[in-house]
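structure-v2.cif follows (mmCIF, N, CA and C atoms):
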```cif
data_final
#
loop_
_atom_site.label_atom_id
_atom_site.label_comp_id
_atom_site.auth_asym_id
_atom_site.auth_seq_id
_atom_site.Cartn_x
_atom_site.Cartn_y
_atom_site.Cartn_z
N MET A 240 -29.58 95.12 96.92
CA MET A 240 -28.34 95.02 96.20
C MET A 240 -28.53 94.00 95.08
N PRO A 241 -28.16 94.34 93.85
CA PRO A 241 -28.31 93.39 92.74
C PRO A 241 -27.36 92.20 92.92
N THR A 242 -27.77 91.09 92.35
CA THR A 242 -26.92 89.90 92.37
C THR A 242 -25.79 90.08 91.38
N PRO A 243 -24.77 89.20 91.40
CA PRO A 243 -23.65 89.35 90.46
C PRO A 243 -24.07 89.41 89.00
N SER A 244 -25.15 88.72 88.64
CA SER A 244 -25.59 88.77 87.25
C SER A 244 -26.60 89.87 86.98
N GLY A 245 -26.86 90.73 87.99
CA GLY A 245 -27.70 91.90 87.78
C GLY A 245 -29.19 91.69 87.94
N HIS A 246 -29.61 90.59 88.59
CA HIS A 246 -31.03 90.37 88.80
C HIS A 246 -31.62 91.41 89.74
N THR A 247 -32.91 91.40 89.83
CA THR A 247 -33.66 92.38 90.59
C THR A 247 -33.21 92.52 92.04
N ASP A 248 -33.43 93.69 92.59
CA ASP A 248 -33.12 93.96 94.00
C ASP A 248 -34.18 93.38 94.92
N ALA A 249 -35.41 93.25 94.46
CA ALA A 249 -36.52 92.87 95.33
C ALA A 249 -37.05 91.49 94.97
N ILE A 250 -37.32 90.69 96.01
CA ILE A 250 -37.95 89.38 95.82
C ILE A 250 -38.69 89.03 97.10
N ARG A 251 -39.83 88.38 96.96
CA ARG A 251 -40.60 87.95 98.13
C ARG A 251 -39.93 86.74 98.77
N ALA A 252 -39.87 86.72 100.08
CA ALA A 252 -39.27 85.60 100.81
C ALA A 252 -39.96 84.28 100.46
N SER A 253 -41.25 84.32 100.24
CA SER A 253 -41.99 83.09 99.92
C SER A 253 -41.53 82.47 98.60
N ARG A 254 -40.94 83.26 97.73
CA ARG A 254 -40.41 82.72 96.47
C ARG A 254 -39.02 82.15 96.65
N VAL A 255 -38.34 82.53 97.71
CA VAL A 255 -36.97 82.10 97.96
C VAL A 255 -36.94 80.77 98.73
N ILE A 256 -37.76 80.68 99.77
CA ILE A 256 -37.75 79.50 100.64
C ILE A 256 -38.18 78.27 99.84
N GLY A 257 -37.37 77.23 99.94
CA GLY A 257 -37.63 75.99 99.22
C GLY A 257 -36.92 75.89 97.89
N THR A 258 -36.26 76.96 97.48
CA THR A 258 -35.55 76.97 96.20
C THR A 258 -34.26 76.19 96.30
N LYS A 259 -33.95 75.42 95.28
CA LYS A 259 -32.72 74.63 95.22
C LYS A 259 -31.51 75.54 95.08
N VAL A 260 -30.37 75.05 95.59
CA VAL A 260 -29.10 75.77 95.50
C VAL A 260 -28.09 74.86 94.80
N TYR A 261 -27.32 75.44 93.89
CA TYR A 261 -26.37 74.69 93.07
C TYR A 261 -24.97 75.27 93.22
N ASN A 262 -23.97 74.42 93.00
CA ASN A 262 -22.59 74.91 92.95
C ASN A 262 -22.28 75.31 91.51
N PRO A 263 -21.09 75.87 91.23
CA PRO A 263 -20.79 76.31 89.87
C PRO A 263 -20.81 75.19 88.83
N ALA A 264 -20.61 73.93 89.27
CA ALA A 264 -20.65 72.79 88.35
C ALA A 264 -22.07 72.38 88.00
N GLY A 265 -23.06 73.04 88.62
CA GLY A 265 -24.45 72.73 88.34
C GLY A 265 -25.01 71.60 89.19
N GLU A 266 -24.24 71.16 90.18
CA GLU A 266 -24.70 70.10 91.07
C GLU A 266 -25.58 70.69 92.16
N GLU A 267 -26.71 70.05 92.43
CA GLU A 267 -27.58 70.52 93.51
C GLU A 267 -26.88 70.24 94.84
N ILE A 268 -26.75 71.28 95.65
CA ILE A 268 -26.04 71.12 96.92
C ILE A 268 -26.93 71.36 98.13
N GLY A 269 -28.12 71.86 97.92
CA GLY A 269 -29.00 72.11 99.06
C GLY A 269 -30.24 72.88 98.67
N THR A 270 -30.88 73.41 99.71
CA THR A 270 -32.13 74.14 99.55
C THR A 270 -32.13 75.34 100.49
N VAL A 271 -32.75 76.43 100.04
CA VAL A 271 -32.93 77.58 100.92
C VAL A 271 -34.04 77.22 101.89
N GLU A 272 -33.69 77.08 103.16
CA GLU A 272 -34.66 76.71 104.19
C GLU A 272 -35.34 77.94 104.78
N ASP A 273 -34.59 79.04 104.84
CA ASP A 273 -35.14 80.23 105.47
C ASP A 273 -34.27 81.43 105.10
N VAL A 274 -34.73 82.59 105.47
CA VAL A 274 -33.98 83.83 105.29
C VAL A 274 -34.03 84.55 106.64
N MET A 275 -32.86 84.87 107.17
CA MET A 275 -32.79 85.55 108.46
C MET A 275 -32.73 87.05 108.22
N LEU A 276 -33.64 87.77 108.87
CA LEU A 276 -33.74 89.21 108.70
C LEU A 276 -33.23 89.92 109.94
N GLU A 277 -32.58 91.02 109.72
CA GLU A 277 -32.17 91.88 110.83
C GLU A 277 -33.14 93.06 110.80
N LYS A 278 -34.20 92.93 111.56
CA LYS A 278 -35.30 93.88 111.40
C LYS A 278 -34.99 95.30 111.83
N THR A 279 -34.13 95.50 112.83
CA THR A 279 -33.87 96.87 113.26
C THR A 279 -32.98 97.62 112.27
N ALA A 280 -32.21 96.90 111.49
CA ALA A 280 -31.34 97.54 110.50
C ALA A 280 -31.91 97.43 109.08
N ASN A 281 -33.06 96.75 108.95
CA ASN A 281 -33.69 96.56 107.64
C ASN A 281 -32.77 95.87 106.65
N ASP A 282 -32.06 94.83 107.11
CA ASP A 282 -31.14 94.09 106.26
C ASP A 282 -31.47 92.60 106.27
N ILE A 283 -31.00 91.91 105.24
CA ILE A 283 -31.05 90.45 105.23
C ILE A 283 -29.73 89.99 105.82
N MET A 284 -29.80 89.25 106.92
CA MET A 284 -28.59 88.77 107.56
C MET A 284 -27.93 87.69 106.71
N PHE A 285 -28.71 86.66 106.36
CA PHE A 285 -28.17 85.57 105.55
C PHE A 285 -29.30 84.64 105.13
N ALA A 286 -29.00 83.83 104.13
CA ALA A 286 -29.90 82.76 103.74
C ALA A 286 -29.49 81.52 104.52
N VAL A 287 -30.45 80.73 104.94
CA VAL A 287 -30.18 79.48 105.63
C VAL A 287 -30.28 78.37 104.59
N ILE A 288 -29.14 77.75 104.31
CA ILE A 288 -29.06 76.69 103.30
C ILE A 288 -28.88 75.36 104.02
N SER A 289 -29.66 74.37 103.63
CA SER A 289 -29.52 73.05 104.24
C SER A 289 -28.97 72.07 103.22
N PHE A 290 -28.15 71.16 103.72
CA PHE A 290 -27.77 70.00 102.92
C PHE A 290 -27.23 68.93 103.86
N GLY A 291 -27.28 67.71 103.38
CA GLY A 291 -26.90 66.58 104.23
C GLY A 291 -28.11 66.09 104.98
N GLY A 292 -27.95 64.99 105.64
CA GLY A 292 -29.05 64.44 106.43
C GLY A 292 -30.06 63.73 105.56
N PHE A 293 -31.03 63.13 106.22
CA PHE A 293 -32.09 62.41 105.53
C PHE A 293 -33.38 62.64 106.29
N LEU A 294 -34.38 63.16 105.61
CA LEU A 294 -35.68 63.47 106.21
C LEU A 294 -35.56 64.31 107.47
N GLY A 295 -34.63 65.29 107.41
CA GLY A 295 -34.47 66.21 108.53
C GLY A 295 -33.55 65.70 109.63
N ILE A 296 -33.07 64.47 109.54
CA ILE A 296 -32.18 63.92 110.56
C ILE A 296 -30.74 64.12 110.09
N GLY A 297 -29.94 64.75 110.93
CA GLY A 297 -28.55 65.01 110.58
C GLY A 297 -28.37 66.19 109.64
N GLU A 298 -29.43 66.95 109.44
CA GLU A 298 -29.38 68.10 108.54
C GLU A 298 -28.44 69.16 109.11
N LYS A 299 -27.65 69.74 108.23
CA LYS A 299 -26.77 70.84 108.61
C LYS A 299 -27.30 72.10 107.96
N TYR A 300 -27.22 73.19 108.69
CA TYR A 300 -27.70 74.47 108.18
C TYR A 300 -26.52 75.44 108.13
N HIS A 301 -26.40 76.10 107.00
CA HIS A 301 -25.30 77.03 106.79
C HIS A 301 -25.86 78.42 106.55
N ALA A 302 -25.24 79.39 107.19
CA ALA A 302 -25.61 80.79 106.99
C ALA A 302 -24.76 81.31 105.83
N ILE A 303 -25.41 81.60 104.72
CA ILE A 303 -24.72 82.08 103.53
C ILE A 303 -25.12 83.53 103.30
N PRO A 304 -24.16 84.44 103.24
CA PRO A 304 -24.52 85.84 102.97
C PRO A 304 -25.40 85.95 101.72
N TRP A 305 -26.46 86.70 101.85
CA TRP A 305 -27.45 86.82 100.78
C TRP A 305 -26.81 87.23 99.46
N SER A 306 -25.82 88.10 99.51
CA SER A 306 -25.21 88.60 98.27
C SER A 306 -24.50 87.52 97.47
N LEU A 307 -24.23 86.36 98.07
CA LEU A 307 -23.53 85.28 97.37
C LEU A 307 -24.47 84.41 96.53
N LEU A 308 -25.76 84.52 96.76
CA LEU A 308 -26.71 83.72 96.00
C LEU A 308 -27.10 84.46 94.73
N ASP A 309 -26.99 83.77 93.61
CA ASP A 309 -27.34 84.36 92.32
C ASP A 309 -28.37 83.46 91.65
N PHE A 310 -29.52 84.01 91.32
CA PHE A 310 -30.57 83.20 90.72
C PHE A 310 -30.22 82.82 89.29
N ASP A 311 -30.35 81.54 88.99
CA ASP A 311 -30.10 81.01 87.65
C ASP A 311 -31.45 80.58 87.06
N PRO A 312 -32.02 81.36 86.15
CA PRO A 312 -33.34 81.02 85.63
C PRO A 312 -33.36 79.70 84.87
N ASN A 313 -32.24 79.29 84.30
CA ASN A 313 -32.20 78.02 83.58
C ASN A 313 -32.36 76.83 84.51
N ARG A 314 -31.89 76.97 85.74
CA ARG A 314 -32.01 75.90 86.73
C ARG A 314 -33.22 76.11 87.65
N GLY A 315 -33.74 77.32 87.66
CA GLY A 315 -34.84 77.62 88.57
C GLY A 315 -34.39 77.60 90.02
N GLY A 316 -33.11 77.93 90.25
CA GLY A 316 -32.58 77.93 91.60
C GLY A 316 -31.40 78.88 91.71
N TYR A 317 -30.82 78.91 92.88
CA TYR A 317 -29.69 79.79 93.15
C TYR A 317 -28.36 79.06 92.97
N THR A 318 -27.38 79.80 92.50
CA THR A 318 -26.02 79.28 92.38
C THR A 318 -25.15 80.06 93.35
N VAL A 319 -24.28 79.34 94.03
CA VAL A 319 -23.28 79.96 94.89
C VAL A 319 -21.91 79.63 94.29
N PRO A 320 -20.95 80.53 94.42
CA PRO A 320 -19.66 80.34 93.75
C PRO A 320 -18.68 79.44 94.51
N TYR A 321 -19.19 78.38 95.13
CA TYR A 321 -18.33 77.53 95.96
C TYR A 321 -18.58 76.07 95.68
N SER A 322 -17.55 75.28 95.91
CA SER A 322 -17.65 73.84 95.72
C SER A 322 -18.39 73.20 96.89
N THR A 323 -18.80 71.97 96.68
CA THR A 323 -19.44 71.21 97.75
C THR A 323 -18.49 71.07 98.93
N GLU A 324 -17.21 70.88 98.66
CA GLU A 324 -16.21 70.73 99.73
C GLU A 324 -16.11 72.00 100.57
N GLN A 325 -16.12 73.16 99.90
CA GLN A 325 -16.06 74.43 100.64
C GLN A 325 -17.30 74.60 101.51
N LEU A 326 -18.45 74.22 100.99
CA LEU A 326 -19.69 74.33 101.76
C LEU A 326 -19.68 73.39 102.95
N LYS A 327 -19.18 72.17 102.75
CA LYS A 327 -19.12 71.21 103.86
C LYS A 327 -18.19 71.70 104.96
N ALA A 328 -17.16 72.45 104.60
CA ALA A 328 -16.20 72.96 105.60
C ALA A 328 -16.69 74.24 106.28
N ALA A 329 -17.74 74.83 105.76
CA ALA A 329 -18.26 76.09 106.32
C ALA A 329 -18.89 75.85 107.68
N PRO A 330 -18.97 76.91 108.50
CA PRO A 330 -19.64 76.77 109.80
C PRO A 330 -21.07 76.24 109.61
N ALA A 331 -21.44 75.26 110.43
CA ALA A 331 -22.77 74.65 110.34
C ALA A 331 -23.46 74.75 111.70
N TYR A 332 -24.76 74.84 111.68
CA TYR A 332 -25.53 75.08 112.88
C TYR A 332 -26.83 74.28 112.87
N SER A 333 -27.41 74.17 114.04
CA SER A 333 -28.80 73.72 114.11
C SER A 333 -29.66 74.97 113.86
N ILE A 334 -30.93 74.75 113.58
CA ILE A 334 -31.81 75.90 113.37
C ILE A 334 -31.82 76.80 114.61
N ASP A 335 -31.87 76.21 115.78
CA ASP A 335 -31.88 77.01 117.01
C ASP A 335 -30.61 77.82 117.18
N GLU A 336 -29.45 77.25 116.82
CA GLU A 336 -28.18 77.96 116.96
C GLU A 336 -28.09 79.18 116.06
N LEU A 337 -28.82 79.16 114.96
CA LEU A 337 -28.78 80.29 114.03
C LEU A 337 -29.38 81.56 114.62
N THR A 338 -30.21 81.42 115.64
CA THR A 338 -30.86 82.60 116.20
C THR A 338 -30.34 82.98 117.59
N VAL A 339 -29.39 82.21 118.13
CA VAL A 339 -28.81 82.54 119.43
C VAL A 339 -28.16 83.93 119.36
N ASP A 340 -28.38 84.74 120.37
CA ASP A 340 -27.82 86.09 120.41
C ASP A 340 -28.20 86.87 119.15
N ASP A 341 -29.46 86.72 118.75
CA ASP A 341 -29.99 87.40 117.56
C ASP A 341 -29.25 87.04 116.28
N GLY A 342 -28.64 85.86 116.23
CA GLY A 342 -27.98 85.40 115.02
C GLY A 342 -26.61 86.00 114.76
N ARG A 343 -26.13 86.80 115.69
CA ARG A 343 -24.85 87.50 115.46
C ARG A 343 -23.68 86.55 115.24
N ALA A 344 -23.57 85.51 116.06
CA ALA A 344 -22.43 84.59 115.95
C ALA A 344 -22.42 83.90 114.60
N ALA A 345 -23.58 83.41 114.16
CA ALA A 345 -23.66 82.74 112.86
C ALA A 345 -23.36 83.72 111.73
N ARG A 346 -23.91 84.91 111.85
CA ARG A 346 -23.69 85.92 110.82
C ARG A 346 -22.20 86.26 110.70
N GLU A 347 -21.57 86.54 111.82
CA GLU A 347 -20.17 86.93 111.80
C GLU A 347 -19.27 85.80 111.33
N ALA A 348 -19.53 84.57 111.79
CA ALA A 348 -18.73 83.42 111.34
C ALA A 348 -18.90 83.20 109.85
N SER A 349 -20.12 83.36 109.36
CA SER A 349 -20.39 83.16 107.94
C SER A 349 -19.71 84.20 107.07
N PHE A 350 -19.88 85.46 107.41
CA PHE A 350 -19.27 86.52 106.60
C PHE A 350 -17.75 86.42 106.64
N ASN A 351 -17.22 86.00 107.79
CA ASN A 351 -15.79 85.81 107.93
C ASN A 351 -15.30 84.65 107.06
N TYR A 352 -15.98 83.51 107.15
CA TYR A 352 -15.59 82.31 106.40
C TYR A 352 -15.62 82.58 104.89
N TRP A 353 -16.67 83.23 104.43
CA TRP A 353 -16.83 83.47 102.99
C TRP A 353 -16.10 84.73 102.53
N ARG A 354 -15.47 85.44 103.46
CA ARG A 354 -14.71 86.66 103.14
C ARG A 354 -15.57 87.71 102.42
N VAL A 355 -16.75 87.91 103.00
CA VAL A 355 -17.67 88.91 102.48
C VAL A 355 -17.63 90.10 103.43
N ASP A 356 -17.53 91.30 102.87
CA ASP A 356 -17.52 92.50 103.69
C ASP A 356 -18.82 92.60 104.49
N PRO A 357 -18.71 92.80 105.80
CA PRO A 357 -19.93 92.89 106.61
C PRO A 357 -20.73 94.15 106.27
N TYR A 358 -22.02 93.98 106.11
CA TYR A 358 -22.90 95.11 105.80
C TYR A 358 -23.15 95.96 107.04
N TRP A 359 -22.91 95.43 108.23
CA TRP A 359 -23.26 96.12 109.46
C TRP A 359 -22.16 97.02 109.98
N GLN A 360 -21.06 97.12 109.27
CA GLN A 360 -19.98 97.99 109.74
C GLN A 360 -19.80 99.18 108.83
#
```
Written form, structure tokens:
Amino acid sequence: MPTPSGHTDAIRASRVIGTKVYNPAGEEIGTVEDVMLEKTANDIMFAVISFGGFLGIGEKYHAIPWSLLDFDPNRGGYTVPYSTEQLKAAPAYSIDELTVDDGRAAREASFNYWRVDPYWQ
């Protein structure tokens, strides 16, 4: 699925992981830590975005629907259409919690919070 600005449908995961994430004001709000795949349905469940914490301590991980990330070539990172406050209020997980029950709880809470139509229905 193309991003809101019409970028390519295909990208290697290795190019995504480690990429900075910005809010609409251009403030860096986090980093793409991982991408969760739903292998039996051939879908991307969500991007795992981290922010907060220091050197991995106190880090919060947020499941952000992939369709919400839009690559900004001028910044060399992804922009999400939400404020830092909205992101801080979003469901947050440990890395282990993101994969409990095949990631379904995190996926459903995330799509619900961001009001994104679920791809699995």
So how many Å separate atom C of Gly342 (chain A) and atom C of Asp311 (chain A), to one decimal?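 Straight-line distance from atom C of Gly342 (chain A) to atom C of Asp311 (chain A) works out to 28.6 Å.
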Shell of 10 Å around Ala345 (chain A), only C-alpha atoms, local chain residues under 2 positions omitted, as a PyMOL selection string: chain A and resi 284-285+301-303+330-332+336-343+347-351
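Coordinates place atom N of Thr258 (chain A) at a distance of 13.7 Å from atom C of Phe290 (chain A).
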Have a look at atom C of Ala286 (chain A) and CA of Asp273 (chain A) and let me know their distance in Å, one decimal.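 Computing it gives 5.9 Å between the two atoms.
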Considering only C-alpha atoms, return as a PyMOL selection string whatever protein or nucleic-acid residues lie within 12 Å of Pro320 (chain A), sequence-local ones (same chain, fewer than 3 positions apart) excluded. chain A and resi 243+260-266+268+303-304+306-310+317+323-326+353
Output N, CA and C atoms of each residue in that selection to a file, as a PDB file, in the frame of the given file.
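Okay, this is what ended up in again.pdb:
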```pdb
ATOM      1  N   PRO A 243     -24.770  89.200  91.400  1.00  0.00           N
ATOM      2  CA  PRO A 243     -23.650  89.350  90.460  1.00  0.00           C
ATOM      3  C   PRO A 243     -24.070  89.410  89.000  1.00  0.00           C
ATOM      4  N   VAL A 260     -30.370  75.050  95.590  1.00  0.00           N
ATOM      5  CA  VAL A 260     -29.100  75.770  95.500  1.00  0.00           C
ATOM      6  C   VAL A 260     -28.090  74.860  94.800  1.00  0.00           C
ATOM      7  N   TYR A 261     -27.320  75.440  93.890  1.00  0.00           N
ATOM      8  CA  TYR A 261     -26.370  74.690  93.070  1.00  0.00           C
ATOM      9  C   TYR A 261     -24.970  75.270  93.220  1.00  0.00           C
ATOM     10  N   ASN A 262     -23.970  74.420  93.000  1.00  0.00           N
ATOM     11  CA  ASN A 262     -22.590  74.910  92.950  1.00  0.00           C
ATOM     12  C   ASN A 262     -22.280  75.310  91.510  1.00  0.00           C
ATOM     13  N   PRO A 263     -21.090  75.870  91.230  1.00  0.00           N
ATOM     14  CA  PRO A 263     -20.790  76.310  89.870  1.00  0.00           C
ATOM     15  C   PRO A 263     -20.810  75.190  88.830  1.00  0.00           C
ATOM     16  N   ALA A 264     -20.610  73.930  89.270  1.00  0.00           N
ATOM     17  CA  ALA A 264     -20.650  72.790  88.350  1.00  0.00           C
ATOM     18  C   ALA A 264     -22.070  72.380  88.000  1.00  0.00           C
ATOM     19  N   GLY A 265     -23.060  73.040  88.620  1.00  0.00           N
ATOM     20  CA  GLY A 265     -24.450  72.730  88.340  1.00  0.00           C
ATOM     21  C   GLY A 265     -25.010  71.600  89.190  1.00  0.00           C
ATOM     22  N   GLU A 266     -24.240  71.160  90.180  1.00  0.00           N
ATOM     23  CA  GLU A 266     -24.700  70.100  91.070  1.00  0.00           C
ATOM     24  C   GLU A 266     -25.580  70.690  92.160  1.00  0.00           C
ATOM     25  N   ILE A 268     -26.750  71.280  95.650  1.00  0.00           N
ATOM     26  CA  ILE A 268     -26.040  71.120  96.920  1.00  0.00           C
ATOM     27  C   ILE A 268     -26.930  71.360  98.130  1.00  0.00           C
ATOM     28  N   ILE A 303     -25.410  81.600 104.720  1.00  0.00           N
ATOM     29  CA  ILE A 303     -24.720  82.080 103.530  1.00  0.00           C
ATOM     30  C   ILE A 303     -25.120  83.530 103.300  1.00  0.00           C
ATOM     31  N   PRO A 304     -24.160  84.440 103.240  1.00  0.00           N
ATOM     32  CA  PRO A 304     -24.520  85.840 102.970  1.00  0.00           C
ATOM     33  C   PRO A 304     -25.400  85.950 101.720  1.00  0.00           C
ATOM     34  N   SER A 306     -25.820  88.100  99.510  1.00  0.00           N
ATOM     35  CA  SER A 306     -25.210  88.600  98.270  1.00  0.00           C
ATOM     36  C   SER A 306     -24.500  87.520  97.470  1.00  0.00           C
ATOM     37  N   LEU A 307     -24.230  86.360  98.070  1.00  0.00           N
ATOM     38  CA  LEU A 307     -23.530  85.280  97.370  1.00  0.00           C
ATOM     39  C   LEU A 307     -24.470  84.410  96.530  1.00  0.00           C
ATOM     40  N   LEU A 308     -25.760  84.520  96.760  1.00  0.00           N
ATOM     41  CA  LEU A 308     -26.710  83.720  96.000  1.00  0.00           C
ATOM     42  C   LEU A 308     -27.100  84.460  94.730  1.00  0.00           C
ATOM     43  N   ASP A 309     -26.990  83.770  93.610  1.00  0.00           N
ATOM     44  CA  ASP A 309     -27.340  84.360  92.320  1.00  0.00           C
ATOM     45  C   ASP A 309     -28.370  83.460  91.650  1.00  0.00           C
ATOM     46  N   PHE A 310     -29.520  84.010  91.320  1.00  0.00           N
ATOM     47  CA  PHE A 310     -30.570  83.200  90.720  1.00  0.00           C
ATOM     48  C   PHE A 310     -30.220  82.820  89.290  1.00  0.00           C
ATOM     49  N   TYR A 317     -30.820  78.910  92.880  1.00  0.00           N
ATOM     50  CA  TYR A 317     -29.690  79.790  93.150  1.00  0.00           C
ATOM     51  C   TYR A 317     -28.360  79.060  92.970  1.00  0.00           C
ATOM     52  N   THR A 323     -18.800  71.970  96.680  1.00  0.00           N
ATOM     53  CA  THR A 323     -19.440  71.210  97.750  1.00  0.00           C
ATOM     54  C   THR A 323     -18.490  71.070  98.930  1.00  0.00           C
ATOM     55  N   GLU A 324     -17.210  70.880  98.660  1.00  0.00           N
ATOM     56  CA  GLU A 324     -16.210  70.730  99.730  1.00  0.00           C
ATOM     57  C   GLU A 324     -16.110  72.000 100.570  1.00  0.00           C
ATOM     58  N   GLN A 325     -16.120  73.160  99.900  1.00  0.00           N
ATOM     59  CA  GLN A 325     -16.060  74.430 100.640  1.00  0.00           C
ATOM     60  C   GLN A 325     -17.300  74.600 101.510  1.00  0.00           C
ATOM     61  N   LEU A 326     -18.450  74.220 100.990  1.00  0.00           N
ATOM     62  CA  LEU A 326     -19.690  74.330 101.760  1.00  0.00           C
ATOM     63  C   LEU A 326     -19.680  73.390 102.950  1.00  0.00           C
ATOM     64  N   TRP A 353     -16.670  83.230 104.430  1.00  0.00           N
ATOM     65  CA  TRP A 353     -16.830  83.470 102.990  1.00  0.00           C
ATOM     66  C   TRP A 353     -16.100  84.730 102.530  1.00  0.00           C
TER      67      TRP A 353
END
```
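For the set A:Asp335, A:Arg346, A:Val287, A:Ile250, the residue with the smallest atom-to-atom gap to Val274 (chain A) is A:Val287, counting all atoms listed in the file.
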Contacts of Ile283 (chain A) within 7 Å, all atoms listed in the file, excl. fewer than 6 positions in-chain, as a PyMOL selection string: chain A and resi 274-277+305
Generate the output file for the selected residues, N, CA and C atoms, as a compact mmCIF listing (two decimals), in the frame of the given file.
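selection.txt, written as the output of this step:
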```
# COMPACT_ATOMS: atom_id res chain seq x y z
N VAL A 274 -34.73 82.59 105.47
CA VAL A 274 -33.98 83.83 105.29
C VAL A 274 -34.03 84.55 106.64
N MET A 275 -32.86 84.87 107.17
CA MET A 275 -32.79 85.55 108.46
C MET A 275 -32.73 87.05 108.22
N LEU A 276 -33.64 87.77 108.87
CA LEU A 276 -33.74 89.21 108.70
C LEU A 276 -33.23 89.92 109.94
N GLU A 277 -32.58 91.02 109.72
CA GLU A 277 -32.17 91.88 110.83
C GLU A 277 -33.14 93.06 110.80
N TRP A 305 -26.46 86.70 101.85
CA TRP A 305 -27.45 86.82 100.78
C TRP A 305 -26.81 87.23 99.46
```
Nearest candidate to Pro357 (chain A) (options A:Asp282, A:Ala329, A:Gly269, A:Gly316; using only C-alpha atoms):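 The shortest atom-to-atom distance to Pro357 (chain A) comes from A:Asp282.
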Within 8 Å of Ile334 (chain A) using only N, CA and C atoms, minus same-chain residues under 6 positions, as a list in words: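 That gives Glu298, Lys299 and Tyr300 of chain A.
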Could you state which residues are captured by the PyMOL selection byres (((chain A and resi 257 and name CA) around 7) and name CA) in this file, as a PyMOL selection string? chain A and resi 255-256+258-259+270-272
Output the selection as a PDB file, in the coordinates of the input - N, CA and C atoms for each residue.
```pdb
ATOM      1  N   VAL A 255     -38.340  82.530  97.710  1.00  0.00           N
ATOM      2  CA  VAL A 255     -36.970  82.100  97.960  1.00  0.00           C
ATOM      3  C   VAL A 255     -36.940  80.770  98.730  1.00  0.00           C
ATOM      4  N   ILE A 256     -37.760  80.680  99.770  1.00  0.00           N
ATOM      5  CA  ILE A 256     -37.750  79.500 100.640  1.00  0.00           C
ATOM      6  C   ILE A 256     -38.180  78.270  99.840  1.00  0.00           C
ATOM      7  N   THR A 258     -36.260  76.960  97.480  1.00  0.00           N
ATOM      8  CA  THR A 258     -35.550  76.970  96.200  1.00  0.00           C
ATOM      9  C   THR A 258     -34.260  76.190  96.300  1.00  0.00           C
ATOM     10  N   LYS A 259     -33.950  75.420  95.280  1.00  0.00           N
ATOM     11  CA  LYS A 259     -32.720  74.630  95.220  1.00  0.00           C
ATOM     12  C   LYS A 259     -31.510  75.540  95.080  1.00  0.00           C
ATOM     13  N   THR A 270     -30.880  73.410  99.710  1.00  0.00           N
ATOM     14  CA  THR A 270     -32.130  74.140  99.550  1.00  0.00           C
ATOM     15  C   THR A 270     -32.130  75.340 100.490  1.00  0.00           C
ATOM     16  N   VAL A 271     -32.750  76.430 100.040  1.00  0.00           N
ATOM     17  CA  VAL A 271     -32.930  77.580 100.920  1.00  0.00           C
ATOM     18  C   VAL A 271     -34.040  77.220 101.890  1.00  0.00           C
ATOM     19  N   GLU A 272     -33.690  77.080 103.160  1.00  0.00           N
ATOM     20  CA  GLU A 272     -34.660  76.710 104.190  1.00  0.00           C
ATOM     21  C   GLU A 272     -35.340  77.940 104.780  1.00  0.00           C
TER      22      GLU A 272
END
```
Can you list every residue in chain A that DSSP puts in alpha helix (DSSP H), as a CSV table (one decimal) with N, CA and C atoms, keeping the file's coordinate frame?
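Writing the result to part_31.csv gives the following:
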```
chain,number,residue,atom,x,y,z
A,252,ALA,N,-39.9,86.7,100.1
A,252,ALA,CA,-39.3,85.6,100.8
A,252,ALA,C,-40.0,84.3,100.5
A,253,SER,N,-41.2,84.3,100.2
A,253,SER,CA,-42.0,83.1,99.9
A,253,SER,C,-41.5,82.5,98.6
A,254,ARG,N,-40.9,83.3,97.7
A,254,ARG,CA,-40.4,82.7,96.5
A,254,ARG,C,-39.0,82.2,96.6
A,255,VAL,N,-38.3,82.5,97.7
A,255,VAL,CA,-37.0,82.1,98.0
A,255,VAL,C,-36.9,80.8,98.7
A,323,THR,N,-18.8,72.0,96.7
A,323,THR,CA,-19.4,71.2,97.8
A,323,THR,C,-18.5,71.1,98.9
A,324,GLU,N,-17.2,70.9,98.7
A,324,GLU,CA,-16.2,70.7,99.7
A,324,GLU,C,-16.1,72.0,100.6
A,325,GLN,N,-16.1,73.2,99.9
A,325,GLN,CA,-16.1,74.4,100.6
A,325,GLN,C,-17.3,74.6,101.5
A,326,LEU,N,-18.4,74.2,101.0
A,326,LEU,CA,-19.7,74.3,101.8
A,326,LEU,C,-19.7,73.4,103.0
A,327,LYS,N,-19.2,72.2,102.8
A,327,LYS,CA,-19.1,71.2,103.9
A,327,LYS,C,-18.2,71.7,105.0
A,328,ALA,N,-17.2,72.4,104.6
A,328,ALA,CA,-16.2,73.0,105.6
A,328,ALA,C,-16.7,74.2,106.3
A,343,ARG,N,-26.1,86.8,115.7
A,343,ARG,CA,-24.8,87.5,115.5
A,343,ARG,C,-23.7,86.6,115.2
A,344,ALA,N,-23.6,85.5,116.1
A,344,ALA,CA,-22.4,84.6,116.0
A,344,ALA,C,-22.4,83.9,114.6
A,345,ALA,N,-23.6,83.4,114.2
A,345,ALA,CA,-23.7,82.7,112.9
A,345,ALA,C,-23.4,83.7,111.7
A,346,ARG,N,-23.9,84.9,111.8
A,346,ARG,CA,-23.7,85.9,110.8
A,346,ARG,C,-22.2,86.3,110.7
A,347,GLU,N,-21.6,86.5,111.8
A,347,GLU,CA,-20.2,86.9,111.8
A,347,GLU,C,-19.3,85.8,111.3
A,348,ALA,N,-19.5,84.6,111.8
A,348,ALA,CA,-18.7,83.4,111.3
A,348,ALA,C,-18.9,83.2,109.8
A,349,SER,N,-20.1,83.4,109.4
A,349,SER,CA,-20.4,83.2,107.9
A,349,SER,C,-19.7,84.2,107.1
A,350,PHE,N,-19.9,85.5,107.4
A,350,PHE,CA,-19.3,86.5,106.6
A,350,PHE,C,-17.8,86.4,106.6
A,351,ASN,N,-17.2,86.0,107.8
A,351,ASN,CA,-15.8,85.8,107.9
A,351,ASN,C,-15.3,84.6,107.1
A,352,TYR,N,-16.0,83.5,107.2
A,352,TYR,CA,-15.6,82.3,106.4
A,352,TYR,C,-15.6,82.6,104.9
```
Which residue out of A:Gly315, A:Tyr352, A:Ala344, A:Asn281 has the minimum interatomic distance to Ala328 (chain A) when only C-alpha atoms are used? A:Tyr352
